[in-house]
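Trainee: Handing over upload.txt, compact mmCIF, C-alpha atoms.
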```
# COMPACT_ATOMS: atom_id res chain seq x y z
CA MET P 10 131.82 93.87 29.86
CA GLN P 11 129.47 90.94 30.20
CA LYS P 12 127.58 89.59 27.24
CA PRO P 13 124.16 91.25 26.73
CA ASN P 14 122.32 87.98 27.42
CA ASP P 15 124.06 87.62 30.76
CA GLU P 16 123.16 91.20 31.62
CA LEU P 17 119.51 90.59 30.79
CA ALA P 18 119.46 87.45 32.91
CA SER P 19 120.63 89.43 35.94
CA MET P 20 118.32 92.40 35.39
CA ASP P 21 115.60 92.87 37.99
CA PHE P 22 112.18 94.51 37.95
CA ARG P 23 113.56 97.77 39.40
CA VAL P 24 115.39 98.47 36.14
CA LEU P 25 112.13 98.34 34.20
CA ARG P 26 110.44 100.64 36.73
CA PHE P 27 113.36 103.05 36.49
CA LEU P 28 113.18 103.07 32.70
CA ARG P 29 109.44 103.62 32.72
CA ILE P 30 109.68 106.67 35.00
CA LEU P 31 112.69 108.02 33.13
CA LEU P 32 110.73 107.85 29.88
CA GLN P 33 107.87 109.71 31.56
CA THR P 34 109.92 112.44 33.26
CA GLY P 35 112.96 112.80 30.99
CA SER P 36 114.97 113.49 34.16
CA VAL P 37 117.37 111.28 36.09
CA THR P 38 117.01 113.50 39.15
CA ARG P 39 113.21 113.34 39.14
CA THR P 40 113.31 109.59 38.51
CA ALA P 41 115.57 109.10 41.52
CA GLU P 42 113.21 111.17 43.68
CA LEU P 43 110.14 109.20 42.63
CA LEU P 44 111.90 105.88 43.23
CA GLU P 45 113.37 107.20 46.48
CA ILE P 46 116.91 106.25 45.53
CA SER P 47 120.11 108.32 45.50
CA GLN P 48 121.35 110.22 42.47
CA PRO P 49 124.49 107.99 42.16
CA ALA P 50 122.28 104.86 42.27
CA ALA P 51 120.07 106.30 39.52
CA SER P 52 123.15 107.11 37.43
CA ARG P 53 124.41 103.54 37.80
CA ILE P 54 121.06 102.11 36.64
CA LEU P 55 121.03 104.48 33.66
CA ALA P 56 124.56 103.45 32.74
CA ARG P 57 123.52 99.81 32.88
CA ILE P 58 120.55 100.42 30.60
CA ARG P 59 122.73 102.36 28.18
CA ASP P 60 125.11 99.40 27.97
CA LEU P 61 122.24 97.04 27.27
CA THR P 62 120.55 99.18 24.62
CA GLY P 63 123.59 100.76 23.03
CA ASP P 64 121.79 104.10 23.18
CA PRO P 65 122.32 107.04 25.58
CA LEU P 66 118.51 107.39 26.06
CA LEU P 67 118.92 110.88 27.52
CA ILE P 68 121.10 113.58 25.95
CA ARG P 69 121.96 117.18 26.86
CA THR P 70 120.80 119.75 24.30
CA GLN P 71 120.62 123.56 24.25
CA ALA P 72 117.04 123.21 25.45
CA GLY P 73 118.03 120.89 28.27
CA TYR P 74 117.98 117.10 28.60
CA GLN P 75 115.89 115.28 26.00
CA LEU P 76 115.01 111.66 25.33
CA THR P 77 116.55 110.12 22.24
CA ASP P 78 114.43 108.74 19.40
CA HIS P 79 115.17 105.21 20.60
CA ALA P 80 114.09 106.10 24.14
CA LEU P 81 110.80 107.48 22.83
CA SER P 82 110.23 104.26 20.88
CA LEU P 83 110.62 102.25 24.10
CA GLN P 84 107.68 103.76 25.96
CA GLU P 85 105.07 101.26 24.80
CA PRO P 86 107.30 98.13 24.94
CA VAL P 87 108.46 99.03 28.46
CA LEU P 88 104.87 99.49 29.64
CA GLU P 89 103.88 96.17 28.09
CA ALA P 90 106.86 94.45 29.70
CA ILE P 91 105.91 95.81 33.12
CA HIS P 92 102.28 94.71 32.73
CA ALA P 93 103.39 91.26 31.57
CA THR P 94 105.77 90.92 34.52
CA GLU P 95 103.08 92.03 36.97
CA ALA P 96 100.63 89.58 35.45
CA VAL P 97 102.98 86.69 36.23
CA PHE P 98 102.67 87.38 39.94
CA LEU P 99 99.00 88.31 40.14
CA PRO P 100 96.71 85.76 41.80
CA PRO P 101 94.82 83.76 39.15
CA ARG P 102 91.27 84.92 38.55
CA PHE P 103 88.22 83.45 36.89
CA ASP P 104 85.23 85.42 35.67
CA PRO P 105 82.45 82.94 34.82
CA ALA P 106 80.30 85.60 33.21
CA ARG P 107 83.01 86.32 30.61
CA SER P 108 84.79 83.00 30.39
CA SER P 109 84.48 80.64 27.43
CA ARG P 110 86.36 77.87 29.22
CA ARG P 111 85.60 74.27 28.34
CA PHE P 112 85.22 71.85 31.25
CA ARG P 113 85.84 68.23 30.32
CA ILE P 114 83.94 65.66 32.38
CA ALA P 115 83.75 61.88 32.44
CA GLY P 116 80.65 60.25 33.88
CA THR P 117 77.90 57.75 33.30
CA ASP P 118 74.42 58.64 32.12
CA TYR P 119 73.46 58.72 35.81
CA ALA P 120 75.75 61.72 36.30
CA ALA P 121 74.60 63.27 33.03
CA ALA P 122 70.92 63.08 33.99
CA CYS P 123 71.05 63.78 37.72
CA ILE P 124 73.88 66.31 37.98
CA ILE P 125 75.25 67.59 34.70
CA GLY P 126 71.87 68.34 33.13
CA PRO P 127 70.67 70.51 36.04
CA LEU P 128 74.18 72.00 36.33
CA VAL P 129 74.20 73.18 32.72
CA ASP P 130 70.76 74.73 33.21
CA ARG P 131 72.18 76.60 36.18
CA LEU P 132 75.26 77.76 34.28
CA ALA P 133 73.20 79.09 31.37
CA THR P 134 72.63 82.26 33.40
CA ALA P 135 75.79 82.55 35.50
CA ALA P 136 78.25 81.49 32.79
CA PRO P 137 76.55 81.67 29.39
CA HIS P 138 79.75 81.10 27.38
CA VAL P 139 81.16 78.21 29.44
CA ARG P 140 81.09 74.86 27.67
CA VAL P 141 80.72 71.44 29.32
CA ASP P 142 81.90 68.39 27.38
CA VAL P 143 80.89 64.98 28.74
CA THR P 144 82.66 61.78 27.75
CA PRO P 145 81.63 58.26 28.78
CA LEU P 146 83.16 57.00 32.00
CA VAL P 147 85.47 54.16 31.03
CA PRO P 148 88.48 52.56 32.73
CA ASP P 149 90.80 54.87 30.77
CA SER P 150 89.07 57.90 32.33
CA PHE P 151 91.18 57.46 35.45
CA SER P 152 94.42 57.68 33.51
CA ASP P 153 93.01 60.50 31.38
CA ILE P 154 92.44 62.66 34.44
CA GLN P 155 96.01 61.97 35.55
CA ASP P 156 97.27 63.05 32.13
CA GLY P 157 95.13 66.20 32.02
CA GLU P 158 92.92 64.94 29.19
CA ILE P 159 89.80 65.47 31.32
CA ASP P 160 89.13 67.78 34.27
CA PHE P 161 86.57 65.97 36.43
CA VAL P 162 85.18 62.50 36.99
CA PHE P 163 81.85 61.65 38.57
CA TYR P 164 82.19 58.27 40.22
CA ALA P 165 80.53 56.00 42.77
CA GLY P 166 83.66 54.29 44.07
CA LEU P 167 86.78 55.34 45.91
CA LYS P 168 89.23 52.70 44.70
CA VAL P 169 91.02 55.08 42.38
CA LYS P 170 94.68 55.57 41.64
CA GLY P 171 96.82 58.68 41.59
CA ASP P 172 96.82 62.10 43.19
CA LEU P 173 93.11 62.83 43.06
CA ILE P 174 90.98 65.07 45.25
CA VAL P 175 87.71 63.40 46.19
CA LYS P 176 84.57 65.33 47.14
CA LYS P 177 81.52 63.43 48.35
CA LEU P 178 78.35 64.82 46.79
CA PHE P 179 75.56 62.66 48.23
CA ALA P 180 74.45 59.13 49.12
CA ASP P 181 71.88 57.24 47.08
CA SER P 182 70.03 53.94 47.22
CA TYR P 183 68.11 51.95 44.63
CA VAL P 184 64.63 51.62 43.23
CA LEU P 185 63.35 48.78 41.10
CA LEU P 186 62.05 49.55 37.62
CA ILE P 187 59.11 47.45 36.43
CA ARG P 188 56.38 47.83 33.83
CA GLU P 189 52.90 48.95 34.72
CA GLY P 190 50.79 45.95 35.69
CA HIS P 191 53.83 43.84 36.53
CA PRO P 192 53.07 40.89 38.89
CA LEU P 193 55.44 42.44 41.44
CA HIS P 194 53.51 45.70 41.58
CA GLU P 195 50.86 44.31 43.92
CA LEU P 196 53.52 42.78 46.20
CA ALA P 197 55.34 46.10 46.32
CA ALA P 198 52.08 47.86 47.26
CA GLN P 199 51.51 45.36 50.10
CA LYS P 200 55.04 45.45 51.52
CA GLY P 201 55.91 49.02 50.61
CA PHE P 202 59.15 47.82 49.04
CA LEU P 203 60.75 44.87 47.24
CA GLU P 204 63.81 42.84 48.18
CA PRO P 205 66.23 40.69 46.17
CA PRO P 206 64.43 37.39 47.02
CA ASP P 207 61.19 38.87 45.66
CA ILE P 208 62.61 39.33 42.18
CA THR P 209 64.55 36.06 41.87
CA PRO P 210 61.93 34.47 39.52
CA TYR P 211 62.18 37.33 37.06
CA ARG P 212 64.75 38.16 34.41
CA GLN P 213 67.09 40.92 35.49
CA ILE P 214 68.76 43.76 33.60
CA GLU P 215 72.01 44.73 35.30
CA PHE P 216 74.07 47.86 35.00
CA SER P 217 77.77 47.38 34.19
CA TYR P 218 79.97 50.10 35.66
CA PRO P 219 83.60 50.96 34.94
CA THR P 220 86.38 50.55 37.46
CA VAL P 221 90.02 51.50 37.05
CA ASP P 222 90.71 48.28 35.15
CA ARG P 223 87.47 46.93 33.61
CA LEU P 224 83.68 46.92 33.52
CA ARG P 225 81.99 45.16 36.43
CA ALA P 226 78.40 44.03 36.88
CA ASP P 227 76.34 45.78 39.55
CA THR P 228 74.96 42.74 41.38
CA VAL P 229 72.62 44.69 43.65
CA MET P 230 69.57 42.65 42.55
CA ARG P 231 71.08 39.24 43.28
CA ALA P 232 69.82 37.57 46.45
CA THR P 233 73.13 35.75 46.97
CA SER P 234 76.58 35.91 45.44
CA ASN P 235 75.94 32.53 43.82
CA ASP P 236 72.95 33.71 41.81
CA ASP P 237 73.12 33.40 38.06
CA PRO P 238 74.15 36.49 36.14
CA ALA P 239 71.43 38.69 34.75
CA MET P 240 70.03 38.07 31.29
CA LEU P 241 71.44 41.40 30.09
CA SER P 242 74.14 43.75 31.26
CA VAL P 243 74.17 47.31 29.89
CA PRO P 244 76.39 50.32 30.61
CA PHE P 245 73.47 52.76 30.36
CA PHE P 246 70.91 53.29 33.12
CA THR P 247 68.72 55.33 30.83
CA SER P 248 68.23 52.38 28.43
CA MET P 249 66.59 50.27 31.13
CA PRO P 250 63.01 51.54 30.59
CA PHE P 251 63.17 50.16 27.05
CA HIS P 252 64.17 46.73 28.35
CA VAL P 253 61.51 46.43 31.03
CA ALA P 254 58.56 48.32 29.52
CA ASN P 255 57.16 45.39 27.52
CA SER P 256 58.25 42.37 29.54
CA ASP P 257 58.41 41.05 33.08
CA ALA P 258 62.12 41.84 33.30
CA VAL P 259 63.23 44.05 36.19
CA ALA P 260 66.07 46.51 36.60
CA ALA P 261 67.57 48.34 39.57
CA ALA P 262 68.53 52.00 39.17
CA PRO P 263 69.73 54.67 41.61
CA SER P 264 66.78 56.35 43.30
CA ARG P 265 67.53 59.82 41.95
CA LEU P 266 67.52 58.54 38.40
CA GLY P 267 64.72 56.01 38.86
CA VAL P 268 62.29 58.74 39.90
CA GLN P 269 63.12 60.65 36.71
CA LEU P 270 62.88 57.62 34.45
CA SER P 271 59.46 56.65 35.78
CA SER P 272 58.18 60.19 35.25
CA PHE P 273 59.24 60.19 31.60
CA SER P 274 57.92 56.73 30.66
CA SER P 275 55.25 54.15 31.41
CA ILE P 276 57.44 52.20 33.80
CA VAL P 277 57.01 52.22 37.57
CA SER P 278 59.75 52.69 40.17
CA VAL P 279 59.26 51.01 43.55
CA PRO P 280 61.45 51.15 46.66
CA PHE P 281 64.06 48.40 46.67
CA ARG P 282 65.76 47.26 49.84
CA SER P 283 69.05 45.81 48.75
CA GLY P 284 71.31 47.09 51.52
CA ALA P 285 73.46 48.56 48.77
CA GLU P 286 73.47 52.28 49.39
CA PHE P 287 76.37 54.05 47.75
CA SER P 288 78.07 57.43 47.91
CA TYR P 289 78.66 59.51 44.82
CA TYR P 290 81.79 61.60 44.37
CA LEU P 291 83.40 64.29 42.25
CA LEU P 292 87.08 63.71 41.50
CA TRP P 293 89.75 66.01 40.12
CA HIS P 294 93.53 66.07 40.09
CA GLU P 295 95.54 67.85 42.78
CA ARG P 296 97.15 70.14 40.21
CA GLY P 297 93.79 71.91 39.92
CA GLN P 298 93.36 72.42 43.65
CA PHE P 299 94.19 76.14 43.50
CA ASN P 300 92.73 76.75 40.05
CA PRO P 301 89.97 79.37 40.51
CA ALA P 302 88.02 77.95 37.55
CA PHE P 303 88.06 74.50 39.16
CA ARG P 304 87.03 75.93 42.53
CA TRP P 305 84.14 77.78 40.91
CA PHE P 306 83.02 74.67 39.04
CA VAL P 307 83.12 72.51 42.17
CA ASP P 308 81.06 75.11 44.05
CA GLU P 309 78.50 75.14 41.25
CA VAL P 310 78.28 71.35 41.33
CA ILE P 311 77.76 71.37 45.10
CA GLN P 312 75.04 74.03 44.88
CA THR P 313 73.34 72.09 42.08
CA VAL P 314 73.44 68.87 44.08
CA THR P 315 72.11 70.63 47.18
CA GLN P 316 69.18 71.98 45.22
CA GLN P 317 68.59 68.58 43.59
CA THR P 318 68.72 66.85 46.97
CA THR P 319 65.95 69.08 48.27
CA SER P 320 63.85 68.44 45.17
CA PHE P 321 64.56 64.71 45.25
CA GLY P 322 63.54 64.52 48.90
CA ARG P 323 60.14 65.90 47.98
CA ALA P 324 59.78 63.69 44.91
CA SER P 325 60.82 60.49 46.68
CA GLU P 326 57.96 60.88 49.14
CA THR P 327 55.57 60.19 46.27
CA VAL P 328 57.37 57.11 44.86
CA GLU P 329 55.14 54.05 44.91
```
Mind turning the file's structure into structure tokens?

Mentor:
Amino acid sequence: MQKPNDELASMDFRVLRFLRILLQTGSVTRTAELLEISQPAASRILARIRDLTGDPLLIRTQAGYQLTDHALSLQEPVLEAIHATEAVFLPPRFDPARSSRRFRIAGTDYAAACIIGPLVDRLATAAPHVRVDVTPLVPDSFSDIQDGEIDFVFYAGLKVKGDLIVKKLFADSYVLLIREGHPLHELAAQKGFLEPPDITPYRQIEFSYPTVDRLRADTVMRATSNDDPAMLSVPFFTSMPFHVANSDAVAAAPSRLGVQLSSFSSIVSVPFRSGAEFSYYLLWHERGQFNPAFRWFVDEVIQTVTQQTTSFGRASETVE
């Protein structure tokens, strides 16, 4: 006789089904009928189970066949084993209304303000127990997503490494942030926009963005590649109003964010023609491609962005 472990390794799901029905009916004949197998086949399966358990399971008494005490004790474990086995092969499901899943995201404050903030407001109703954790987008974020430390990255570039799925969300351009009463405000009113040569005499606040290897300066305000670096480089778009509100310094910010910043502060956002439109993307690893939670989250992001795009289109018409 083979060792018990070897027998268990070769046991298939039909043995569990047989045992479950046998425990319900207390009859080998009835079990064979329900499984649509022959009586000899049923007897062979029972003999195999008896060898594994060391218990006859079913015994003949004066009142007829009866389950042994050990057989009766197996009813719940067998049912649990069947449910556990079935669960292995069920398609994965995700119920946002009941889930308390934590989604880990890396992004700049641009993503936090323009996408994640409205997204969380949307999820408050559809998925009240879901948590969204945002970490700063840094060069290590691209290795973190490979290692499973984060789930999603919001990013404005496509030069990324690894097996990542990339979904374009929208395209954006820039506005220029200046204080109220700035000398450039009248020029912007006359032209309807400003260009890099217009702002050359003024101090510039640049945004520094992360790539896969380091932080790089966003040189969108420079008229030529030989221009001097800006007076200040910061990794936070949302800090720019503080830098320009009380001086003649200028800062370029993505249009979607610039409209919001000017509505919350005394600064003014004006159209800026830099020729530097960019696309914004959502990235996640291929291992999550068939994850229903990931699919749901991506759909929610897309619906949020679609709604924001409509709202932004209306708001941008009023930007001066």

Trainee: For Lys176 of chain P, please output as a PyMOL selection string all residues within 7 Å (counting only C-alpha atoms; exclusion window: fewer than 2 positions along the same chain).

Mentor: chain P and resi 174+178+290-292

Trainee: Of the residues P:Asp78, P:Asp207, P:Glu309, P:Glu45, which is the one nearest to Arg131 of chain P, using only C-alpha atoms?

Mentor: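 With only C-alpha atoms as the atom set, the closest residue is P:Glu309.
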
Trainee: Find the residue from P:Asp308, P:Asp104, P:Asp153, P:Glu189 that sits nearest to Ala258 of chain P; use all atoms listed in the file when measuring.

Mentor: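 Under the stated criterion, the closest residue is P:Glu189.
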
Trainee: Enter the distance from atom CA of Leu128 of chain P to atom CA of Pro219 of chain P, in Å, rounded to one decimal.

Mentor: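 Separating atom CA of Leu128 of chain P from atom CA of Pro219 of chain P is a distance of 23.1 Å.
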
Trainee: Counting all atoms listed in the file, figure out which residue out of P:Val24, P:Val310, P:Leu31, P:Leu173 gets nearest to Leu43 of chain P.

Mentor: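 Closest candidate: P:Leu31.
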
Trainee: Between atom CA of Ser217 of chain P and atom CA of Asp237 of chain P, what is the spacing in Å?

Mentor: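 About the pair atom CA of Asp237 of chain P and atom CA of Ser217 of chain P: they are 15.2 Å apart.
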
Trainee: If we count only C-alpha atoms and set the cut-off at 10 Å, which residues sit around Pro148 of chain P, ignoring sequence neighbours fewer than 5 positions away in its own chain? Please answer as a PyMOL selection string.

Mentor: chain P and resi 153+218-224

Trainee: For Thr209 of chain P, which of P:Asp227, P:Leu88, P:Ala239, P:Ala122 is the closest residue, counting only C-alpha atoms?

Mentor: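 Among the listed residues, the smallest separation from Thr209 of chain P belongs to P:Ala239.
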
Trainee: Looking at P:His252, P:His92, P:Arg231, P:Arg225, which one is nearest to Pro205 of chain P, with distances taken over all atoms listed in the file?

Mentor: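 Of P:His252, P:His92, P:Arg231, P:Arg225, the one nearest Pro205 of chain P is P:Arg231, counting all atoms listed in the file.
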
Trainee: Between atom CA of Ser242 of chain P and atom CA of Pro263 of chain P, what is the spacing in Å?

Mentor: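 Separation between atom CA of Pro263 of chain P and atom CA of Ser242 of chain P: 15.7 Å.
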
Trainee: Restricting the calculation to all atoms listed in the file, which member of P:Phe27, P:Phe179, P:Tyr289, P:Phe306 is positioned closest to Phe163 of chain P?

Mentor: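 The shortest atom-to-atom distance to Phe163 of chain P comes from P:Tyr289.
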
Trainee: Since the input is missing atoms, can you rebuild N, CA and C atoms for segment 268-294 of chain P and write them as a short mmCIF file (atom, residue, chain, number, x, y, z; two decimals), keeping the file's coordinate frame?

Mentor:
```cif
data_model
loop_
_atom_site.label_atom_id
_atom_site.label_comp_id
_atom_site.auth_asym_id
_atom_site.auth_seq_id
_atom_site.Cartn_x
_atom_site.Cartn_y
_atom_site.Cartn_z
N VAL P 268 63.45 57.84 39.80
CA VAL P 268 62.29 58.74 39.90
C VAL P 268 62.10 59.49 38.58
N GLN P 269 63.21 59.94 37.98
CA GLN P 269 63.12 60.65 36.71
C GLN P 269 62.66 59.74 35.58
N LEU P 270 63.22 58.54 35.52
CA LEU P 270 62.88 57.62 34.45
C LEU P 270 61.40 57.23 34.48
N SER P 271 60.87 57.03 35.67
CA SER P 271 59.46 56.65 35.78
C SER P 271 58.54 57.82 35.43
N SER P 272 59.02 59.05 35.58
CA SER P 272 58.18 60.19 35.25
C SER P 272 58.16 60.47 33.75
N PHE P 273 59.16 59.95 33.04
CA PHE P 273 59.24 60.19 31.60
C PHE P 273 58.73 59.01 30.77
N SER P 274 58.31 57.92 31.41
CA SER P 274 57.92 56.73 30.66
C SER P 274 56.77 56.03 31.38
N SER P 275 56.37 54.90 30.83
CA SER P 275 55.25 54.15 31.41
C SER P 275 55.69 53.17 32.48
N ILE P 276 56.98 53.13 32.77
CA ILE P 276 57.44 52.20 33.80
C ILE P 276 57.16 52.75 35.19
N VAL P 277 57.27 51.87 36.17
CA VAL P 277 57.01 52.22 37.57
C VAL P 277 58.29 51.99 38.36
N SER P 278 58.61 52.89 39.27
CA SER P 278 59.75 52.69 40.17
C SER P 278 59.22 52.43 41.57
N VAL P 279 59.70 51.37 42.19
CA VAL P 279 59.26 51.01 43.55
C VAL P 279 60.48 50.93 44.46
N PRO P 280 60.33 51.25 45.73
CA PRO P 280 61.45 51.15 46.66
C PRO P 280 62.05 49.75 46.67
N PHE P 281 63.36 49.69 46.72
CA PHE P 281 64.06 48.40 46.67
C PHE P 281 65.06 48.34 47.81
N ARG P 282 64.86 47.41 48.70
CA ARG P 282 65.76 47.26 49.84
C ARG P 282 66.82 46.22 49.52
N SER P 283 67.96 46.71 49.12
CA SER P 283 69.05 45.81 48.75
C SER P 283 70.21 45.89 49.73
N GLY P 284 70.18 46.89 50.61
CA GLY P 284 71.31 47.09 51.52
C GLY P 284 72.53 47.60 50.79
N ALA P 285 72.33 48.15 49.61
CA ALA P 285 73.46 48.56 48.77
C ALA P 285 73.45 50.05 48.52
N GLU P 286 73.32 50.84 49.56
CA GLU P 286 73.47 52.28 49.39
C GLU P 286 74.90 52.60 48.95
N PHE P 287 75.04 53.66 48.21
CA PHE P 287 76.37 54.05 47.75
C PHE P 287 76.52 55.55 47.84
N SER P 288 77.77 56.00 47.93
CA SER P 288 78.07 57.43 47.91
C SER P 288 78.57 57.81 46.53
N TYR P 289 78.26 59.04 46.14
CA TYR P 289 78.66 59.51 44.82
C TYR P 289 79.64 60.67 45.00
N TYR P 290 80.67 60.69 44.16
CA TYR P 290 81.79 61.60 44.37
C TYR P 290 82.14 62.39 43.10
N LEU P 291 82.78 63.52 43.32
CA LEU P 291 83.40 64.29 42.25
C LEU P 291 84.90 64.22 42.47
N LEU P 292 85.64 63.87 41.42
CA LEU P 292 87.08 63.71 41.50
C LEU P 292 87.77 64.68 40.55
N TRP P 293 88.88 65.23 41.00
CA TRP P 293 89.75 66.01 40.12
C TRP P 293 91.18 65.91 40.61
N HIS P 294 92.12 66.24 39.76
CA HIS P 294 93.53 66.07 40.09
C HIS P 294 94.01 67.19 41.00
#
```
